[in-house]
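See below for the structure under consideration.
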Amino acid sequence: MALEVKTFNFPTFMGVNSYLVSDSETGEAALIDCGRGYKKITEYAAEHGLKIGKILLTHGHFDHIMEVGKWKGSAAVYIHENDHEMMLRGGAPDGFFLGSHTVSASADVLLKGGEKIKVGDLSFEVIHTPGHSPGSVSYLTDGAIFTGDTLFKGSFGRYDFPLGSKSELSESLKKLFALPGAENITVYPGHDEATELKYESLYNPGNYCLDD
Ligand SMILES: [Zn+2]
C-alpha cells in the first residue's frame with residue numbers, strides 16, 4: 001500500500017483545494033472536500049483506474065461542500081456531526097453566506113473524532129479540530145494530514161465567522177503541532193500550498209498570536 005495524493009485547485013473558487021487520496025495498490029480512493037471539479041475529478045479517476053468510494057469533508061463551509069449532491073449516492077459522505085446542519089443549509093453558518101445557492105445533501109456518516117476510516121489499506125484518523133467551525137476535522141494518515149481551514153502554510157483559518165471560536169482554534173492548532181512524528185508529516189490545507197508540519201509547529205503564528 002502506498003498513499004497517492006492528487007491535488008485539485010480551483011483558483012476562481014476561493015482557491016479551494018480538493019485532494020484525491022488513493023491506495024496505489026488497490027485503486028481505492030477518497031476525495032477530501034468537494035467544492036468544485038466533479039467532472040475533472042471523475043475523469044481523472046477513470047483514467048487512473050481509481051474508485052472514489054468516500055467523500056471526507058473537513059468542514060461544512062460552502063466552498064468545501066458545494067458539489068456534495070453530485071457525489072451523493074456513488075460515494076459515502078463523511079462530516080463531523082457539529083457541521084452537518086450547516087451542510088444541510090448549503091454551507092452557510094447561521095445565515096452567513098446567504099445568497100450562495102449551493103447544492104446540499106445529507107451525510108452518510110456523522111463523525112465525532114477518533115474514528116479510523118479505511119481507504120483501501122490506508123487508514124485515516126479523524127482528529128476533531130474545532131475553531132474555524134465547530135465541526136472542523138483533520139484527517140491524519142501515514143505521512144500526511146489534511147487540515148481543511150484549520151491550519152495553512154504560515155497561517156491559520158478564520159475564527160470570526162458565526163460559530164467560530166478563537167480559543168478552540170488555538171487549542172486545535174496546538175493539538176496538531178504536538179502530533180508525534182511531525183517531522184515526517186506533510187500538511188495539505190484547504191487553501192494554498194502544502195507545507196511541513198514540523199516547520200509549522202516551530203514557526204506558524206498560531207503558536208502564539210491566538211492566546212489572550
Ligand atoms: Zn471554511
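Starting from 1 in every chain, residues are counted up; chains themselves are A, B, ... following the order of the C-alpha cells, and ligands are numbered from 1 as listed.
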DSSP strand (DSSP E) residues within range 9-84 of chain A, as a CSV table (one decimal) with all heavy atoms, in the first residue's frame:
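out13.csv written:
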```csv
chain,number,residue,atom,x,y,z
A,9,ASN,N,-6.9,22.2,-7.6
A,9,ASN,CA,-7.1,23.5,-7.0
A,9,ASN,C,-7.9,24.4,-7.9
A,9,ASN,O,-7.8,24.2,-9.2
A,9,ASN,CB,-5.7,24.2,-6.8
A,9,ASN,CG,-5.8,25.6,-6.4
A,9,ASN,OD1,-5.8,26.6,-7.2
A,9,ASN,ND2,-6.0,25.8,-5.1
A,10,PHE,N,-8.8,25.2,-7.3
A,10,PHE,CA,-9.7,26.0,-8.1
A,10,PHE,C,-9.5,27.4,-7.8
A,10,PHE,O,-10.2,28.0,-6.9
A,10,PHE,CB,-11.2,25.5,-7.9
A,10,PHE,CG,-11.3,24.0,-8.2
A,10,PHE,CD1,-11.1,23.0,-7.3
A,10,PHE,CD2,-11.5,23.6,-9.5
A,10,PHE,CE1,-11.2,21.7,-7.6
A,10,PHE,CE2,-11.5,22.3,-9.9
A,10,PHE,CZ,-11.4,21.3,-8.9
A,16,VAL,N,-9.9,27.1,-3.4
A,16,VAL,CA,-10.1,25.9,-2.6
A,16,VAL,C,-9.4,24.7,-3.2
A,16,VAL,O,-9.3,24.6,-4.4
A,16,VAL,CB,-11.6,25.7,-2.3
A,16,VAL,CG1,-12.3,25.1,-3.6
A,16,VAL,CG2,-11.8,24.8,-1.1
A,17,ASN,N,-8.9,23.8,-2.3
A,17,ASN,CA,-8.2,22.6,-2.8
A,17,ASN,C,-9.2,21.4,-2.5
A,17,ASN,O,-9.9,21.4,-1.5
A,17,ASN,CB,-7.0,22.3,-1.9
A,17,ASN,CG,-5.9,23.3,-2.2
A,17,ASN,OD1,-5.7,23.7,-3.4
A,17,ASN,ND2,-5.2,23.7,-1.2
A,18,SER,N,-9.2,20.5,-3.4
A,18,SER,CA,-9.7,19.1,-3.2
A,18,SER,C,-8.6,18.2,-3.3
A,18,SER,O,-7.7,18.4,-4.2
A,18,SER,CB,-10.8,18.8,-4.2
A,18,SER,OG,-12.0,19.3,-3.8
A,19,TYR,N,-8.5,17.1,-2.5
A,19,TYR,CA,-7.4,16.2,-2.6
A,19,TYR,C,-8.0,14.8,-2.9
A,19,TYR,O,-8.9,14.3,-2.1
A,19,TYR,CB,-6.7,16.1,-1.3
A,19,TYR,CG,-6.0,17.4,-1.0
A,19,TYR,CD1,-6.5,18.3,0.0
A,19,TYR,CD2,-4.8,17.8,-1.6
A,19,TYR,CE1,-5.8,19.5,0.3
A,19,TYR,CE2,-4.2,19.0,-1.3
A,19,TYR,CZ,-4.7,19.8,-0.4
A,19,TYR,OH,-4.1,21.0,-0.1
A,20,LEU,N,-7.5,14.2,-4.0
A,20,LEU,CA,-7.9,12.8,-4.3
A,20,LEU,C,-6.8,11.9,-3.7
A,20,LEU,O,-5.7,11.9,-4.1
A,20,LEU,CB,-8.1,12.6,-5.8
A,20,LEU,CG,-8.6,11.3,-6.2
A,20,LEU,CD1,-9.9,10.9,-5.7
A,20,LEU,CD2,-8.6,11.2,-7.8
A,21,VAL,N,-7.2,11.2,-2.6
A,21,VAL,CA,-6.2,10.3,-2.0
A,21,VAL,C,-6.5,8.9,-2.4
A,21,VAL,O,-7.7,8.5,-2.4
A,21,VAL,CB,-6.2,10.5,-0.5
A,21,VAL,CG1,-5.8,11.9,-0.1
A,21,VAL,CG2,-7.6,10.2,0.2
A,22,SER,N,-5.5,8.1,-2.6
A,22,SER,CA,-5.8,6.7,-3.1
A,22,SER,C,-4.7,5.8,-2.6
A,22,SER,O,-3.5,6.2,-2.3
A,22,SER,CB,-5.9,6.6,-4.6
A,22,SER,OG,-4.7,7.2,-5.2
A,23,ASP,N,-5.1,4.5,-2.5
A,23,ASP,CA,-4.1,3.4,-2.2
A,23,ASP,C,-3.7,2.9,-3.6
A,23,ASP,O,-4.5,2.4,-4.3
A,23,ASP,CB,-4.9,2.3,-1.4
A,23,ASP,CG,-4.0,1.1,-1.1
A,23,ASP,OD1,-2.9,1.0,-1.8
A,23,ASP,OD2,-4.4,0.3,-0.3
A,28,GLU,N,-8.4,2.0,-4.6
A,28,GLU,CA,-9.5,2.6,-3.8
A,28,GLU,C,-9.1,4.0,-3.4
A,28,GLU,O,-8.0,4.3,-3.1
A,28,GLU,CB,-9.8,1.8,-2.6
A,28,GLU,CG,-10.6,0.5,-3.0
A,28,GLU,CD,-10.9,-0.4,-1.8
A,28,GLU,OE1,-11.7,0.0,-1.0
A,28,GLU,OE2,-10.3,-1.4,-1.7
A,29,ALA,N,-10.1,4.9,-3.5
A,29,ALA,CA,-9.8,6.4,-3.3
A,29,ALA,C,-10.9,7.1,-2.5
A,29,ALA,O,-12.0,6.6,-2.4
A,29,ALA,CB,-9.7,7.0,-4.7
A,30,ALA,N,-10.5,8.2,-2.0
A,30,ALA,CA,-11.4,9.1,-1.3
A,30,ALA,C,-11.1,10.5,-1.7
A,30,ALA,O,-10.0,10.8,-2.0
A,30,ALA,CB,-11.3,9.0,0.2
A,31,LEU,N,-12.2,11.3,-1.8
A,31,LEU,CA,-12.0,12.7,-2.1
A,31,LEU,C,-12.1,13.6,-0.8
A,31,LEU,O,-13.2,13.4,-0.1
A,31,LEU,CB,-13.0,13.2,-3.2
A,31,LEU,CG,-12.9,14.6,-3.7
A,31,LEU,CD1,-11.6,14.7,-4.5
A,31,LEU,CD2,-14.1,14.9,-4.6
A,32,ILE,N,-11.1,14.4,-0.5
A,32,ILE,CA,-11.2,15.2,0.6
A,32,ILE,C,-11.6,16.6,0.2
A,32,ILE,O,-10.9,17.3,-0.5
A,32,ILE,CB,-9.8,15.3,1.4
A,32,ILE,CG1,-9.5,13.8,1.8
A,32,ILE,CG2,-9.9,16.3,2.5
A,32,ILE,CD1,-8.2,13.7,2.6
A,51,LYS,N,-11.2,4.2,-7.8
A,51,LYS,CA,-12.6,4.2,-7.5
A,51,LYS,C,-12.9,5.0,-6.2
A,51,LYS,O,-12.4,4.7,-5.1
A,51,LYS,CB,-13.0,2.7,-7.1
A,51,LYS,CG,-14.5,2.6,-7.0
A,51,LYS,CD,-14.9,1.2,-6.4
A,51,LYS,CE,-16.4,1.2,-6.0
A,51,LYS,NZ,-16.8,2.3,-5.0
A,52,ILE,N,-13.6,6.1,-6.4
A,52,ILE,CA,-13.9,7.1,-5.3
A,52,ILE,C,-15.1,6.6,-4.5
A,52,ILE,O,-16.2,6.8,-4.9
A,52,ILE,CB,-14.1,8.5,-5.9
A,52,ILE,CG1,-12.9,8.9,-6.7
A,52,ILE,CG2,-14.3,9.5,-4.7
A,52,ILE,CD1,-13.0,10.3,-7.4
A,53,GLY,N,-14.8,6.0,-3.4
A,53,GLY,CA,-15.9,5.4,-2.6
A,53,GLY,C,-16.3,6.3,-1.4
A,53,GLY,O,-17.3,6.1,-0.8
A,54,LYS,N,-15.5,7.3,-1.1
A,54,LYS,CA,-15.8,8.1,0.1
A,54,LYS,C,-15.5,9.6,-0.2
A,54,LYS,O,-14.5,9.9,-0.9
A,54,LYS,CB,-14.9,7.7,1.3
A,54,LYS,CG,-15.3,6.3,1.8
A,54,LYS,CD,-14.4,5.7,2.9
A,54,LYS,CE,-15.0,4.4,3.3
A,54,LYS,NZ,-14.0,3.4,3.5
A,55,ILE,N,-16.3,10.5,0.4
A,55,ILE,CA,-16.1,11.9,0.4
A,55,ILE,C,-15.9,12.3,1.8
A,55,ILE,O,-16.8,12.2,2.7
A,55,ILE,CB,-17.3,12.7,-0.2
A,55,ILE,CG1,-17.7,12.2,-1.6
A,55,ILE,CG2,-17.1,14.2,-0.2
A,55,ILE,CD1,-16.7,12.4,-2.7
A,56,LEU,N,-14.6,12.7,2.1
A,56,LEU,CA,-14.3,13.1,3.5
A,56,LEU,C,-14.3,14.6,3.6
A,56,LEU,O,-13.4,15.3,3.0
A,56,LEU,CB,-12.9,12.5,3.9
A,56,LEU,CG,-12.7,11.0,3.7
A,56,LEU,CD1,-11.3,10.6,4.1
A,56,LEU,CD2,-13.8,10.2,4.4
A,76,ALA,N,-19.8,7.5,-0.2
A,76,ALA,CA,-20.4,7.8,1.1
A,76,ALA,C,-19.8,9.1,1.6
A,76,ALA,O,-18.6,9.3,1.5
A,76,ALA,CB,-20.0,6.6,2.1
A,77,VAL,N,-20.7,9.9,2.1
A,77,VAL,CA,-20.3,11.3,2.6
A,77,VAL,C,-20.1,11.3,4.1
A,77,VAL,O,-20.9,10.9,4.9
A,77,VAL,CB,-21.4,12.3,2.2
A,77,VAL,CG1,-21.0,13.7,2.7
A,77,VAL,CG2,-21.6,12.3,0.7
A,78,TYR,N,-18.9,11.8,4.5
A,78,TYR,CA,-18.5,11.9,5.9
A,78,TYR,C,-18.3,13.3,6.3
A,78,TYR,O,-17.6,14.1,5.6
A,78,TYR,CB,-17.1,11.2,6.1
A,78,TYR,CG,-17.1,9.7,6.0
A,78,TYR,CD1,-17.3,9.1,4.7
A,78,TYR,CD2,-16.9,8.8,7.1
A,78,TYR,CE1,-17.3,7.7,4.6
A,78,TYR,CE2,-16.8,7.5,6.9
A,78,TYR,CZ,-17.0,6.9,5.7
A,78,TYR,OH,-17.0,5.5,5.5
A,79,ILE,N,-18.9,13.7,7.4
A,79,ILE,CA,-18.7,15.0,8.0
A,79,ILE,C,-18.8,15.0,9.5
A,79,ILE,O,-19.6,14.1,10.0
A,79,ILE,CB,-19.7,16.1,7.4
A,79,ILE,CG1,-19.2,17.5,7.7
A,79,ILE,CG2,-21.1,15.9,7.9
A,79,ILE,CD1,-19.9,18.6,6.9
A,80,HIS,N,-18.2,15.9,10.2
A,80,HIS,CA,-18.4,15.9,11.7
A,80,HIS,C,-19.8,16.3,12.0
A,80,HIS,O,-20.4,17.2,11.4
A,80,HIS,CB,-17.4,16.9,12.3
A,80,HIS,CG,-17.3,16.7,13.8
A,80,HIS,ND1,-18.2,17.4,14.6
A,80,HIS,CD2,-16.5,16.1,14.6
A,80,HIS,CE1,-18.0,17.1,15.9
A,80,HIS,NE2,-16.9,16.3,15.9
```
Kindly provide, as a PDB file with N, CA, C and O atoms, in the first residue's frame, all nucleotide and amino acid residues lying within 12 Å of ligand 1, counting only C-alpha atoms and all ligand atoms.
```pdb
ATOM      1  N   MET A  14     -12.357  30.708  -4.748  1.00  0.00           N
ATOM      2  CA  MET A  14     -11.725  30.997  -3.467  1.00  0.00           C
ATOM      3  C   MET A  14     -10.431  30.201  -3.272  1.00  0.00           C
ATOM      4  O   MET A  14      -9.970  30.021  -2.152  1.00  0.00           O
ATOM      5  N   GLY A  15      -9.888  29.686  -4.374  1.00  0.00           N
ATOM      6  CA  GLY A  15      -8.617  28.953  -4.273  1.00  0.00           C
ATOM      7  C   GLY A  15      -8.719  27.670  -3.474  1.00  0.00           C
ATOM      8  O   GLY A  15      -7.729  27.184  -2.929  1.00  0.00           O
ATOM      9  N   VAL A  16      -9.905  27.108  -3.426  1.00  0.00           N
ATOM     10  CA  VAL A  16     -10.090  25.925  -2.576  1.00  0.00           C
ATOM     11  C   VAL A  16      -9.397  24.707  -3.193  1.00  0.00           C
ATOM     12  O   VAL A  16      -9.304  24.572  -4.411  1.00  0.00           O
ATOM     13  N   ASN A  17      -8.872  23.844  -2.324  1.00  0.00           N
ATOM     14  CA  ASN A  17      -8.247  22.590  -2.757  1.00  0.00           C
ATOM     15  C   ASN A  17      -9.176  21.412  -2.491  1.00  0.00           C
ATOM     16  O   ASN A  17      -9.857  21.371  -1.462  1.00  0.00           O
ATOM     17  N   ASP A  33     -12.862  16.943   0.536  1.00  0.00           N
ATOM     18  CA  ASP A  33     -13.596  18.166   0.158  1.00  0.00           C
ATOM     19  C   ASP A  33     -14.001  18.157  -1.331  1.00  0.00           C
ATOM     20  O   ASP A  33     -13.309  17.600  -2.174  1.00  0.00           O
ATOM     21  N   GLY A  35     -15.686  21.058  -3.284  1.00  0.00           N
ATOM     22  CA  GLY A  35     -16.281  22.340  -3.657  1.00  0.00           C
ATOM     23  C   GLY A  35     -16.539  22.461  -5.141  1.00  0.00           C
ATOM     24  O   GLY A  35     -17.557  22.987  -5.574  1.00  0.00           O
ATOM     25  N   LEU A  57     -15.197  15.186   4.304  1.00  0.00           N
ATOM     26  CA  LEU A  57     -15.303  16.649   4.370  1.00  0.00           C
ATOM     27  C   LEU A  57     -14.558  17.163   5.599  1.00  0.00           C
ATOM     28  O   LEU A  57     -14.709  16.619   6.698  1.00  0.00           O
ATOM     29  N   THR A  58     -13.775  18.220   5.397  1.00  0.00           N
ATOM     30  CA  THR A  58     -13.037  18.792   6.528  1.00  0.00           C
ATOM     31  C   THR A  58     -13.923  19.687   7.379  1.00  0.00           C
ATOM     32  O   THR A  58     -13.661  19.875   8.557  1.00  0.00           O
ATOM     33  N   HIS A  59     -14.945  20.287   6.763  1.00  0.00           N
ATOM     34  CA  HIS A  59     -15.920  21.098   7.495  1.00  0.00           C
ATOM     35  C   HIS A  59     -17.055  21.471   6.559  1.00  0.00           C
ATOM     36  O   HIS A  59     -17.044  21.088   5.389  1.00  0.00           O
ATOM     37  N   GLY A  60     -18.035  22.220   7.094  1.00  0.00           N
ATOM     38  CA  GLY A  60     -19.272  22.409   6.342  1.00  0.00           C
ATOM     39  C   GLY A  60     -19.408  23.690   5.550  1.00  0.00           C
ATOM     40  O   GLY A  60     -20.477  23.971   5.024  1.00  0.00           O
ATOM     41  N   HIS A  61     -18.356  24.494   5.436  1.00  0.00           N
ATOM     42  CA  HIS A  61     -18.480  25.741   4.667  1.00  0.00           C
ATOM     43  C   HIS A  61     -18.680  25.460   3.186  1.00  0.00           C
ATOM     44  O   HIS A  61     -18.119  24.511   2.636  1.00  0.00           O
ATOM     45  N   PHE A  62     -19.438  26.358   2.557  1.00  0.00           N
ATOM     46  CA  PHE A  62     -19.914  26.063   1.198  1.00  0.00           C
ATOM     47  C   PHE A  62     -18.808  25.811   0.198  1.00  0.00           C
ATOM     48  O   PHE A  62     -18.956  25.001  -0.720  1.00  0.00           O
ATOM     49  N   ASP A  63     -17.671  26.490   0.335  1.00  0.00           N
ATOM     50  CA  ASP A  63     -16.621  26.308  -0.681  1.00  0.00           C
ATOM     51  C   ASP A  63     -15.976  24.917  -0.612  1.00  0.00           C
ATOM     52  O   ASP A  63     -15.273  24.526  -1.533  1.00  0.00           O
ATOM     53  N   HIS A  64     -16.250  24.183   0.455  1.00  0.00           N
ATOM     54  CA  HIS A  64     -15.687  22.829   0.592  1.00  0.00           C
ATOM     55  C   HIS A  64     -16.712  21.725   0.303  1.00  0.00           C
ATOM     56  O   HIS A  64     -16.331  20.568   0.135  1.00  0.00           O
ATOM     57  N   ILE A  65     -17.985  22.088   0.291  1.00  0.00           N
ATOM     58  CA  ILE A  65     -19.029  21.048   0.200  1.00  0.00           C
ATOM     59  C   ILE A  65     -19.956  21.235  -0.992  1.00  0.00           C
ATOM     60  O   ILE A  65     -20.902  20.471  -1.171  1.00  0.00           O
ATOM     61  N   MET A  66     -19.717  22.264  -1.783  1.00  0.00           N
ATOM     62  CA  MET A  66     -20.725  22.701  -2.741  1.00  0.00           C
ATOM     63  C   MET A  66     -21.219  21.609  -3.691  1.00  0.00           C
ATOM     64  O   MET A  66     -22.381  21.602  -4.070  1.00  0.00           O
ATOM     65  N   ASP A  83     -21.017  20.021  12.127  1.00  0.00           N
ATOM     66  CA  ASP A  83     -21.152  20.832  10.906  1.00  0.00           C
ATOM     67  C   ASP A  83     -22.215  20.296   9.959  1.00  0.00           C
ATOM     68  O   ASP A  83     -22.395  20.839   8.858  1.00  0.00           O
ATOM     69  N   MET A  86     -25.034  22.778   9.058  1.00  0.00           N
ATOM     70  CA  MET A  86     -24.515  23.811   8.165  1.00  0.00           C
ATOM     71  C   MET A  86     -24.473  23.294   6.730  1.00  0.00           C
ATOM     72  O   MET A  86     -24.848  23.987   5.782  1.00  0.00           O
ATOM     73  N   MET A  87     -24.051  22.044   6.578  1.00  0.00           N
ATOM     74  CA  MET A  87     -24.011  21.448   5.243  1.00  0.00           C
ATOM     75  C   MET A  87     -25.418  21.335   4.663  1.00  0.00           C
ATOM     76  O   MET A  87     -25.633  21.622   3.479  1.00  0.00           O
ATOM     77  N   GLY A  91     -24.008  25.044   3.401  1.00  0.00           N
ATOM     78  CA  GLY A  91     -22.684  25.507   3.799  1.00  0.00           C
ATOM     79  C   GLY A  91     -22.654  26.892   4.391  1.00  0.00           C
ATOM     80  O   GLY A  91     -21.617  27.550   4.416  1.00  0.00           O
ATOM     81  N   ALA A  92     -23.816  27.348   4.864  1.00  0.00           N
ATOM     82  CA  ALA A  92     -23.902  28.686   5.425  1.00  0.00           C
ATOM     83  C   ALA A  92     -24.052  28.613   6.935  1.00  0.00           C
ATOM     84  O   ALA A  92     -25.054  28.117   7.433  1.00  0.00           O
ATOM     85  N   PRO A  93     -23.055  29.081   7.696  1.00  0.00           N
ATOM     86  CA  PRO A  93     -23.210  29.104   9.138  1.00  0.00           C
ATOM     87  C   PRO A  93     -24.182  30.215   9.543  1.00  0.00           C
ATOM     88  O   PRO A  93     -23.907  31.382   9.289  1.00  0.00           O
ATOM     89  N   PHE A  96     -25.038  33.251   7.418  1.00  0.00           N
ATOM     90  CA  PHE A  96     -23.875  33.805   6.741  1.00  0.00           C
ATOM     91  C   PHE A  96     -23.822  33.221   5.333  1.00  0.00           C
ATOM     92  O   PHE A  96     -24.350  32.152   5.079  1.00  0.00           O
ATOM     93  N   PHE A  97     -23.172  33.884   4.422  1.00  0.00           N
ATOM     94  CA  PHE A  97     -23.031  33.426   3.037  1.00  0.00           C
ATOM     95  C   PHE A  97     -24.380  33.302   2.341  1.00  0.00           C
ATOM     96  O   PHE A  97     -24.500  32.612   1.351  1.00  0.00           O
ATOM     97  N   PRO A 130     -11.882  21.843  16.136  1.00  0.00           N
ATOM     98  CA  PRO A 130     -12.845  22.943  16.022  1.00  0.00           C
ATOM     99  C   PRO A 130     -12.172  24.315  16.166  1.00  0.00           C
ATOM    100  O   PRO A 130     -11.028  24.410  16.592  1.00  0.00           O
ATOM    101  N   GLY A 131     -12.924  25.351  15.821  1.00  0.00           N
ATOM    102  CA  GLY A 131     -12.431  26.723  15.960  1.00  0.00           C
ATOM    103  C   GLY A 131     -12.785  27.527  14.715  1.00  0.00           C
ATOM    104  O   GLY A 131     -13.458  28.549  14.796  1.00  0.00           O
ATOM    105  N   HIS A 132     -12.348  27.054  13.552  1.00  0.00           N
ATOM    106  CA  HIS A 132     -12.779  27.690  12.292  1.00  0.00           C
ATOM    107  C   HIS A 132     -14.275  27.453  12.111  1.00  0.00           C
ATOM    108  O   HIS A 132     -15.019  28.328  11.671  1.00  0.00           O
ATOM    109  N   SER A 133     -14.705  26.254  12.438  1.00  0.00           N
ATOM    110  CA  SER A 133     -16.129  25.919  12.543  1.00  0.00           C
ATOM    111  C   SER A 133     -16.214  24.861  13.640  1.00  0.00           C
ATOM    112  O   SER A 133     -15.208  24.219  13.953  1.00  0.00           O
ATOM    113  N   PRO A 134     -17.418  24.648  14.205  1.00  0.00           N
ATOM    114  CA  PRO A 134     -17.494  23.703  15.330  1.00  0.00           C
ATOM    115  C   PRO A 134     -17.212  22.255  14.936  1.00  0.00           C
ATOM    116  O   PRO A 134     -16.817  21.453  15.759  1.00  0.00           O
ATOM    117  N   GLY A 135     -17.423  21.937  13.668  1.00  0.00           N
ATOM    118  CA  GLY A 135     -17.213  20.556  13.229  1.00  0.00           C
ATOM    119  C   GLY A 135     -16.018  20.402  12.305  1.00  0.00           C
ATOM    120  O   GLY A 135     -15.968  19.464  11.504  1.00  0.00           O
ATOM    121  N   SER A 136     -15.047  21.274  12.398  1.00  0.00           N
ATOM    122  CA  SER A 136     -13.837  21.119  11.584  1.00  0.00           C
ATOM    123  C   SER A 136     -13.068  19.890  12.048  1.00  0.00           C
ATOM    124  O   SER A 136     -12.905  19.665  13.257  1.00  0.00           O
ATOM    125  N   VAL A 137     -12.584  19.116  11.091  1.00  0.00           N
ATOM    126  CA  VAL A 137     -11.729  17.970  11.420  1.00  0.00           C
ATOM    127  C   VAL A 137     -10.490  17.994  10.530  1.00  0.00           C
ATOM    128  O   VAL A 137     -10.471  18.632   9.477  1.00  0.00           O
ATOM    129  N   THR A 147      -5.856  19.336   6.619  1.00  0.00           N
ATOM    130  CA  THR A 147      -6.270  20.180   7.744  1.00  0.00           C
ATOM    131  C   THR A 147      -7.422  21.130   7.431  1.00  0.00           C
ATOM    132  O   THR A 147      -7.795  21.927   8.289  1.00  0.00           O
ATOM    133  N   GLY A 148      -7.986  21.062   6.225  1.00  0.00           N
ATOM    134  CA  GLY A 148      -9.101  21.959   5.907  1.00  0.00           C
ATOM    135  C   GLY A 148      -8.713  23.404   6.122  1.00  0.00           C
ATOM    136  O   GLY A 148      -7.626  23.835   5.715  1.00  0.00           O
ATOM    137  N   ASP A 149      -9.573  24.169   6.783  1.00  0.00           N
ATOM    138  CA  ASP A 149      -9.280  25.586   7.023  1.00  0.00           C
ATOM    139  C   ASP A 149      -8.795  25.834   8.449  1.00  0.00           C
ATOM    140  O   ASP A 149      -8.893  26.943   8.970  1.00  0.00           O
ATOM    141  N   THR A 150      -8.275  24.795   9.099  1.00  0.00           N
ATOM    142  CA  THR A 150      -7.731  24.975  10.446  1.00  0.00           C
ATOM    143  C   THR A 150      -6.293  25.490  10.376  1.00  0.00           C
ATOM    144  O   THR A 150      -5.957  26.514  10.968  1.00  0.00           O
ATOM    145  N   LEU A 151      -5.460  24.791   9.630  1.00  0.00           N
ATOM    146  CA  LEU A 151      -4.032  25.131   9.546  1.00  0.00           C
ATOM    147  C   LEU A 151      -3.636  25.352   8.092  1.00  0.00           C
ATOM    148  O   LEU A 151      -3.918  24.502   7.236  1.00  0.00           O
ATOM    149  N   PHE A 152      -3.005  26.483   7.824  1.00  0.00           N
ATOM    150  CA  PHE A 152      -2.470  26.793   6.496  1.00  0.00           C
ATOM    151  C   PHE A 152      -0.959  26.965   6.590  1.00  0.00           C
ATOM    152  O   PHE A 152      -0.398  27.121   7.677  1.00  0.00           O
ATOM    153  N   PHE A 156      -3.380  30.426   9.629  1.00  0.00           N
ATOM    154  CA  PHE A 156      -4.432  29.546  10.157  1.00  0.00           C
ATOM    155  C   PHE A 156      -5.779  30.098   9.726  1.00  0.00           C
ATOM    156  O   PHE A 156      -5.872  31.209   9.191  1.00  0.00           O
ATOM    157  N   GLY A 157      -6.832  29.313   9.960  1.00  0.00           N
ATOM    158  CA  GLY A 157      -8.158  29.686   9.484  1.00  0.00           C
ATOM    159  C   GLY A 157      -8.787  30.823  10.279  1.00  0.00           C
ATOM    160  O   GLY A 157      -8.357  31.151  11.388  1.00  0.00           O
ATOM    161  N   ARG A 158      -9.795  31.418   9.677  1.00  0.00           N
ATOM    162  CA  ARG A 158     -10.526  32.490  10.368  1.00  0.00           C
ATOM    163  C   ARG A 158     -11.379  31.897  11.478  1.00  0.00           C
ATOM    164  O   ARG A 158     -11.867  30.785  11.378  1.00  0.00           O
ATOM    165  N   TYR A 159     -11.550  32.673  12.529  1.00  0.00           N
ATOM    166  CA  TYR A 159     -12.399  32.229  13.641  1.00  0.00           C
ATOM    167  C   TYR A 159     -13.537  33.222  13.878  1.00  0.00           C
ATOM    168  O   TYR A 159     -14.293  33.117  14.823  1.00  0.00           O
ATOM    169  N   ASP A 160     -13.631  34.217  12.990  1.00  0.00           N
ATOM    170  CA  ASP A 160     -14.610  35.285  13.212  1.00  0.00           C
ATOM    171  C   ASP A 160     -15.907  35.073  12.436  1.00  0.00           C
ATOM    172  O   ASP A 160     -16.776  35.939  12.434  1.00  0.00           O
ATOM    173  N   PHE A 161     -16.062  33.919  11.790  1.00  0.00           N
ATOM    174  CA  PHE A 161     -17.359  33.603  11.205  1.00  0.00           C
ATOM    175  C   PHE A 161     -18.316  33.234  12.334  1.00  0.00           C
ATOM    176  O   PHE A 161     -17.874  32.835  13.412  1.00  0.00           O
ATOM    177  N   PRO A 162     -19.641  33.309  12.061  1.00  0.00           N
ATOM    178  CA  PRO A 162     -20.569  32.775  13.050  1.00  0.00           C
ATOM    179  C   PRO A 162     -20.188  31.329  13.367  1.00  0.00           C
ATOM    180  O   PRO A 162     -19.811  30.582  12.462  1.00  0.00           O
ATOM    181  N   LEU A 163     -20.248  30.947  14.609  1.00  0.00           N
ATOM    182  CA  LEU A 163     -19.915  29.602  15.103  1.00  0.00           C
ATOM    183  C   LEU A 163     -18.406  29.350  15.201  1.00  0.00           C
ATOM    184  O   LEU A 163     -17.983  28.278  15.610  1.00  0.00           O
ATOM    185  N   GLY A 164     -17.596  30.321  14.841  1.00  0.00           N
ATOM    186  CA  GLY A 164     -16.152  30.166  15.013  1.00  0.00           C
ATOM    187  C   GLY A 164     -15.754  30.440  16.461  1.00  0.00           C
ATOM    188  O   GLY A 164     -16.516  31.017  17.228  1.00  0.00           O
ATOM    189  N   PRO A 189      -3.470  21.688   3.205  1.00  0.00           N
ATOM    190  CA  PRO A 189      -4.547  22.557   3.710  1.00  0.00           C
ATOM    191  C   PRO A 189      -5.672  22.757   2.686  1.00  0.00           C
ATOM    192  O   PRO A 189      -5.522  22.447   1.500  1.00  0.00           O
ATOM    193  N   GLY A 190      -6.766  23.325   3.166  1.00  0.00           N
ATOM    194  CA  GLY A 190      -7.939  23.565   2.326  1.00  0.00           C
ATOM    195  C   GLY A 190      -7.765  24.679   1.309  1.00  0.00           C
ATOM    196  O   GLY A 190      -8.539  24.777   0.359  1.00  0.00           O
ATOM    197  N   HIS A 191      -6.777  25.531   1.520  1.00  0.00           N
ATOM    198  CA  HIS A 191      -6.427  26.596   0.573  1.00  0.00           C
ATOM    199  C   HIS A 191      -4.897  26.715   0.576  1.00  0.00           C
ATOM    200  O   HIS A 191      -4.250  26.378   1.564  1.00  0.00           O
TER     201      HIS A 191
END
```
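Closest approach to Glu4 in chain A from the set A:Ala182, A:Ala105, A:Ala194, A:Leu50 is made by A:Leu50, with distances taken over only C-alpha atoms.
Considering only C-alpha atoms, the residue among A:Ser24, A:Ser170, A:Thr186, A:Asn204 positioned nearest to Phe146 in chain A is A:Thr186.
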Residues within 8 Å of Thr26 in chain A, only C-alpha atoms, excluding chain neighbours under 3 positions, as a PyMOL selection string:
chain A and resi 1+23+120-121
May I have all residues of range 44-210 of chain A that DSSP, computed from the backbone, assigns to alpha helix (DSSP H), given as a ChimeraX atom specification?
/A:44-47,62-65,68-71,84-88,166-177,197-203
Go through A:Ser172, A:Glu85, A:Ile41, A:Gly154 and flag the residue nearest Glu193 in chain A, using only C-alpha atoms for the distances.
A:Gly154
Quote the spacing between CA of Gly69 in chain A and CA of Asp192 in chain A in Å to one decimal place.
24.9 Å
If you count only C-alpha atoms, which residues fall within 6 Å of Glu115 in chain A, apart from same-chain ones fewer than 2 positions away, as a PyMOL selection string?
chain A and resi 113+125-126
